[in-house]
Amino acid sequence: MPERVTPGPVNGSCNSFQEAVCIHTKKIFDSCKDKDCIEDLRVYLTRSSQEIVERAQSVRGGTAELLTAYIDVEPISFNKGFYTVDVRYYYRITADAFIGAVRPVEIYGLAVFDKRAILYGSESSAKVFSSQYNPNGPDMQNLPVTSVPNAIVETVDPLILGMKLVDVCDCGPCECCCDIPLGVAACFPEELLLCGDTRRLYVTLGQFSIIRLERDTQLLVPVYDYCLPQKECTCSCGDVCQEDPCEMFRHVDFPVNEFFPPNTQTGGNCGCGCPPSNNCGCSNSNNNCRN
């Protein structure tokens, strides 16, 4: 059985690293990626936008901006070590409404989407305290960290795949899918209309996301050397850079790709072939392409 590596200098080793050190970092225990097609998601329009939709003949999709995401993590009682991650996405939808033959009018609204994932986050019953100063609170130690892992959600703004107007008969009380946070409502120029409408706007979105669970942990890692910066500072302390702006501009490469679309596909997709010029960095059994 090989001897356990302990923190400290590594002597008599054929490896290139010089020392093994213990660091405190976040360890990812589980993660997942997803591609959601969210069909017929209701858009809660602003009051003036709703008045325009009531008279509109058609709508055209504009943009969808992800404003924020609320995340909640809860343990699963019957399966220890696993947790449910509930994510609520808030989108600002922008579209063009057509009334007669005049130019389209821009309308705004809010769409909300709920997503759940089940991931492994391990178990821990330790209470972690920190002496780090909290500038937003009293001068005291931070509150202990609970044993629930941290959930991280990475997303991009969704794609609008479709949009439609639907006639409805709203004879009941005002109903909304959720309570709208004040910070989200403040992203719109006026109040959102939740009921009293006779026409509603629905949107279909394409959402890419990555969800992961991570915990604070201590890991033993190899150290090759200190990270000494190789780039020198161009200006000394207290001095002002007086470099000629035209001379600086001459060193900027011409942005060819901004004027001409690329001829080959970029990225690491090596499914059917991997031309050497793509540098896909894969090993394929058919063509054995490599870096």
# chains A, B, ... in the order shown; residues from 1 in each chain; ligands from 1

$ residues_around --residues "Arg92 in chain A" --least-positions-apart "2" --cutoff "12 Å" --atoms "only C-alpha atoms" --output "ChimeraX atom specification"
/A:42-46,62-68,89-90,94-95,107-113,157-158,160,184-189,192,203,205

$ write_last_selection --atoms "N, CA and C atoms" --output "JSON list (two decimals), in the first residue's frame"
[["chain", "number", "residue", "atom", "x", "y", "z"],
["A", 42, "ARG", "N", -46.83, 32.08, -19.40],
["A", 42, "ARG", "CA", -47.61, 33.33, -19.39],
["A", 42, "ARG", "C", -46.71, 34.52, -19.09],
["A", 43, "VAL", "N", -46.96, 35.61, -19.79],
["A", 43, "VAL", "CA", -46.22, 36.86, -19.60],
["A", 43, "VAL", "C", -47.16, 37.86, -18.92],
["A", 44, "TYR", "N", -46.76, 38.33, -17.74],
["A", 44, "TYR", "CA", -47.52, 39.35, -17.01],
["A", 44, "TYR", "C", -47.03, 40.71, -17.48],
["A", 45, "LEU", "N", -47.87, 41.39, -18.27],
["A", 45, "LEU", "CA", -47.48, 42.63, -18.92],
["A", 45, "LEU", "C", -47.64, 43.82, -17.98],
["A", 46, "THR", "N", -46.94, 44.90, -18.31],
["A", 46, "THR", "CA", -47.18, 46.15, -17.61],
["A", 46, "THR", "C", -48.53, 46.70, -18.03],
["A", 62, "GLY", "N", -39.24, 39.34, -29.28],
["A", 62, "GLY", "CA", -38.10, 40.23, -29.18],
["A", 62, "GLY", "C", -36.96, 39.58, -28.44],
["A", 63, "THR", "N", -36.81, 39.92, -27.16],
["A", 63, "THR", "CA", -35.72, 39.37, -26.36],
["A", 63, "THR", "C", -36.26, 38.89, -25.03],
["A", 64, "ALA", "N", -35.51, 37.99, -24.41],
["A", 64, "ALA", "CA", -35.82, 37.49, -23.06],
["A", 64, "ALA", "C", -34.56, 37.64, -22.23],
["A", 65, "GLU", "N", -34.68, 38.37, -21.13],
["A", 65, "GLU", "CA", -33.55, 38.63, -20.24],
["A", 65, "GLU", "C", -33.81, 37.98, -18.88],
["A", 66, "LEU", "N", -32.86, 37.19, -18.42],
["A", 66, "LEU", "CA", -32.98, 36.57, -17.11],
["A", 66, "LEU", "C", -32.60, 37.60, -16.05],
["A", 67, "LEU", "N", -33.58, 38.02, -15.24],
["A", 67, "LEU", "CA", -33.34, 39.04, -14.23],
["A", 67, "LEU", "C", -32.63, 38.47, -13.01],
["A", 68, "THR", "N", -33.14, 37.38, -12.46],
["A", 68, "THR", "CA", -32.56, 36.76, -11.28],
["A", 68, "THR", "C", -33.12, 35.36, -11.12],
["A", 89, "TYR", "N", -36.89, 31.08, -11.87],
["A", 89, "TYR", "CA", -36.32, 32.05, -12.79],
["A", 89, "TYR", "C", -37.32, 33.18, -13.04],
["A", 90, "TYR", "N", -36.82, 34.41, -13.07],
["A", 90, "TYR", "CA", -37.64, 35.58, -13.41],
["A", 90, "TYR", "C", -37.08, 36.18, -14.70],
["A", 94, "THR", "N", -39.46, 41.11, -23.79],
["A", 94, "THR", "CA", -39.69, 42.27, -24.66],
["A", 94, "THR", "C", -40.18, 41.76, -26.01],
["A", 95, "ALA", "N", -41.26, 42.36, -26.52],
["A", 95, "ALA", "CA", -41.84, 41.93, -27.80],
["A", 95, "ALA", "C", -42.33, 43.15, -28.57],
["A", 107, "ILE", "N", -43.50, 46.22, -26.18],
["A", 107, "ILE", "CA", -44.21, 45.91, -24.94],
["A", 107, "ILE", "C", -43.28, 45.13, -24.02],
["A", 108, "TYR", "N", -43.60, 45.18, -22.71],
["A", 108, "TYR", "CA", -42.76, 44.54, -21.70],
["A", 108, "TYR", "C", -43.62, 43.69, -20.79],
["A", 109, "GLY", "N", -43.00, 42.66, -20.22],
["A", 109, "GLY", "CA", -43.71, 41.83, -19.26],
["A", 109, "GLY", "C", -42.77, 40.91, -18.51],
["A", 110, "LEU", "N", -43.34, 40.22, -17.51],
["A", 110, "LEU", "CA", -42.58, 39.31, -16.65],
["A", 110, "LEU", "C", -43.07, 37.89, -16.85],
["A", 111, "ALA", "N", -42.13, 36.95, -16.96],
["A", 111, "ALA", "CA", -42.43, 35.53, -17.03],
["A", 111, "ALA", "C", -41.66, 34.82, -15.93],
["A", 112, "VAL", "N", -42.27, 33.79, -15.35],
["A", 112, "VAL", "CA", -41.69, 33.06, -14.23],
["A", 112, "VAL", "C", -41.69, 31.57, -14.55],
["A", 113, "PHE", "N", -40.57, 30.91, -14.25],
["A", 113, "PHE", "CA", -40.43, 29.48, -14.51],
["A", 113, "PHE", "C", -39.80, 28.81, -13.30],
["A", 157, "ASP", "N", -29.09, 33.94, -20.87],
["A", 157, "ASP", "CA", -30.40, 34.45, -21.27],
["A", 157, "ASP", "C", -31.06, 33.47, -22.24],
["A", 158, "PRO", "N", -32.33, 33.16, -22.04],
["A", 158, "PRO", "CA", -32.99, 32.15, -22.88],
["A", 158, "PRO", "C", -33.27, 32.66, -24.29],
["A", 160, "ILE", "N", -36.07, 32.99, -27.34],
["A", 160, "ILE", "CA", -37.51, 33.01, -27.59],
["A", 160, "ILE", "C", -37.80, 32.13, -28.79],
["A", 184, "VAL", "N", -37.54, 42.51, -8.34],
["A", 184, "VAL", "CA", -37.92, 42.15, -9.71],
["A", 184, "VAL", "C", -38.92, 43.15, -10.27],
["A", 185, "ALA", "N", -39.91, 43.54, -9.46],
["A", 185, "ALA", "CA", -40.90, 44.52, -9.92],
["A", 185, "ALA", "C", -40.26, 45.85, -10.24],
["A", 186, "ALA", "N", -39.16, 46.19, -9.56],
["A", 186, "ALA", "CA", -38.49, 47.46, -9.82],
["A", 186, "ALA", "C", -37.78, 47.49, -11.16],
["A", 187, "CYS", "N", -37.64, 46.35, -11.82],
["A", 187, "CYS", "CA", -36.98, 46.29, -13.14],
["A", 187, "CYS", "C", -37.90, 46.74, -14.26],
["A", 188, "PHE", "N", -39.16, 47.06, -13.95],
["A", 188, "PHE", "CA", -40.13, 47.48, -14.96],
["A", 188, "PHE", "C", -40.53, 48.93, -14.70],
["A", 189, "PRO", "N", -40.82, 49.68, -15.77],
["A", 189, "PRO", "CA", -41.11, 51.11, -15.60],
["A", 189, "PRO", "C", -42.43, 51.39, -14.90],
["A", 192, "LEU", "N", -47.02, 45.77, -12.84],
["A", 192, "LEU", "CA", -47.42, 44.65, -13.66],
["A", 192, "LEU", "C", -48.89, 44.34, -13.42],
["A", 203, "VAL", "N", -45.39, 32.85, -24.13],
["A", 203, "VAL", "CA", -44.10, 32.75, -24.79],
["A", 203, "VAL", "C", -43.52, 31.35, -24.56],
["A", 205, "LEU", "N", -39.85, 29.47, -24.36],
["A", 205, "LEU", "CA", -38.45, 29.80, -24.18],
["A", 205, "LEU", "C", -37.58, 28.55, -24.25]]

$ residues_around --residues "Ile28 in chain A" --least-positions-apart "6" --cutoff "8 Å" --atoms "only C-alpha atoms" --output "PyMOL selection string"
chain A and resi 212-215

$ residues_around --residues "Arg47 in chain A" --least-positions-apart "3" --cutoff "7 Å" --atoms "only C-alpha atoms" --output "mmCIF file with N, CA, C and O atoms, in the first residue's frame"
data_model
loop_
_atom_site.group_PDB
_atom_site.id
_atom_site.type_symbol
_atom_site.label_atom_id
_atom_site.label_comp_id
_atom_site.auth_asym_id
_atom_site.auth_seq_id
_atom_site.Cartn_x
_atom_site.Cartn_y
_atom_site.Cartn_z
ATOM 1 N N GLN A 50 -50.328 46.032 -21.570
ATOM 2 C CA GLN A 50 -51.569 45.271 -21.663
ATOM 3 C C GLN A 50 -52.606 46.020 -22.494
ATOM 4 O O GLN A 50 -53.358 45.410 -23.279
ATOM 5 N N GLU A 51 -52.663 47.337 -22.360
ATOM 6 C CA GLU A 51 -53.594 48.114 -23.171
ATOM 7 C C GLU A 51 -53.262 48.007 -24.651
ATOM 8 O O GLU A 51 -54.164 47.983 -25.502
ATOM 9 N N GLU A 191 -46.217 49.303 -12.924
ATOM 10 C CA GLU A 191 -46.703 48.106 -12.264
ATOM 11 C C GLU A 191 -47.117 47.034 -13.276
ATOM 12 O O GLU A 191 -47.510 47.335 -14.410
ATOM 13 N N LEU A 192 -47.020 45.773 -12.843
ATOM 14 C CA LEU A 192 -47.420 44.650 -13.663
ATOM 15 C C LEU A 192 -48.887 44.341 -13.423
ATOM 16 O O LEU A 192 -49.360 44.331 -12.286
ATOM 17 N N LEU A 193 -49.612 44.062 -14.506
ATOM 18 C CA LEU A 193 -51.035 43.761 -14.424
ATOM 19 C C LEU A 193 -51.206 42.254 -14.294
ATOM 20 O O LEU A 193 -50.815 41.492 -15.191
#

$ residues_around --residues "Val73 in chain A" --least-positions-apart "6" --cutoff "7 Å" --atoms "only C-alpha atoms" --output "ChimeraX atom specification"
/A:83-86,151

$ write_last_selection --atoms "N, CA, C and O atoms" --output "compact mmCIF listing (two decimals), in the first residue's frame"
# COMPACT_ATOMS: atom_id res chain seq x y z
N TYR A 83 -30.34 16.01 -2.14
CA TYR A 83 -31.06 17.24 -1.87
C TYR A 83 -31.87 17.65 -3.10
O TYR A 83 -31.48 17.36 -4.24
N THR A 84 -32.98 18.32 -2.84
CA THR A 84 -33.75 18.93 -3.93
C THR A 84 -33.31 20.38 -4.06
O THR A 84 -33.16 21.09 -3.07
N VAL A 85 -33.08 20.79 -5.29
CA VAL A 85 -32.70 22.17 -5.60
C VAL A 85 -33.84 22.78 -6.41
O VAL A 85 -34.06 22.39 -7.56
N ASP A 86 -34.57 23.68 -5.80
CA ASP A 86 -35.69 24.36 -6.47
C ASP A 86 -35.21 25.74 -6.91
O ASP A 86 -34.74 26.54 -6.09
N ALA A 151 -25.94 25.59 -3.33
CA ALA A 151 -26.37 25.33 -4.70
C ALA A 151 -25.96 26.51 -5.58
O ALA A 151 -26.21 27.66 -5.24

$ closest_residue --among "A:Ser209, A:Thr6, A:Gln18, A:Asn263" --to "Lys35 in chain A" --atoms "only C-alpha atoms"
A:Ser209
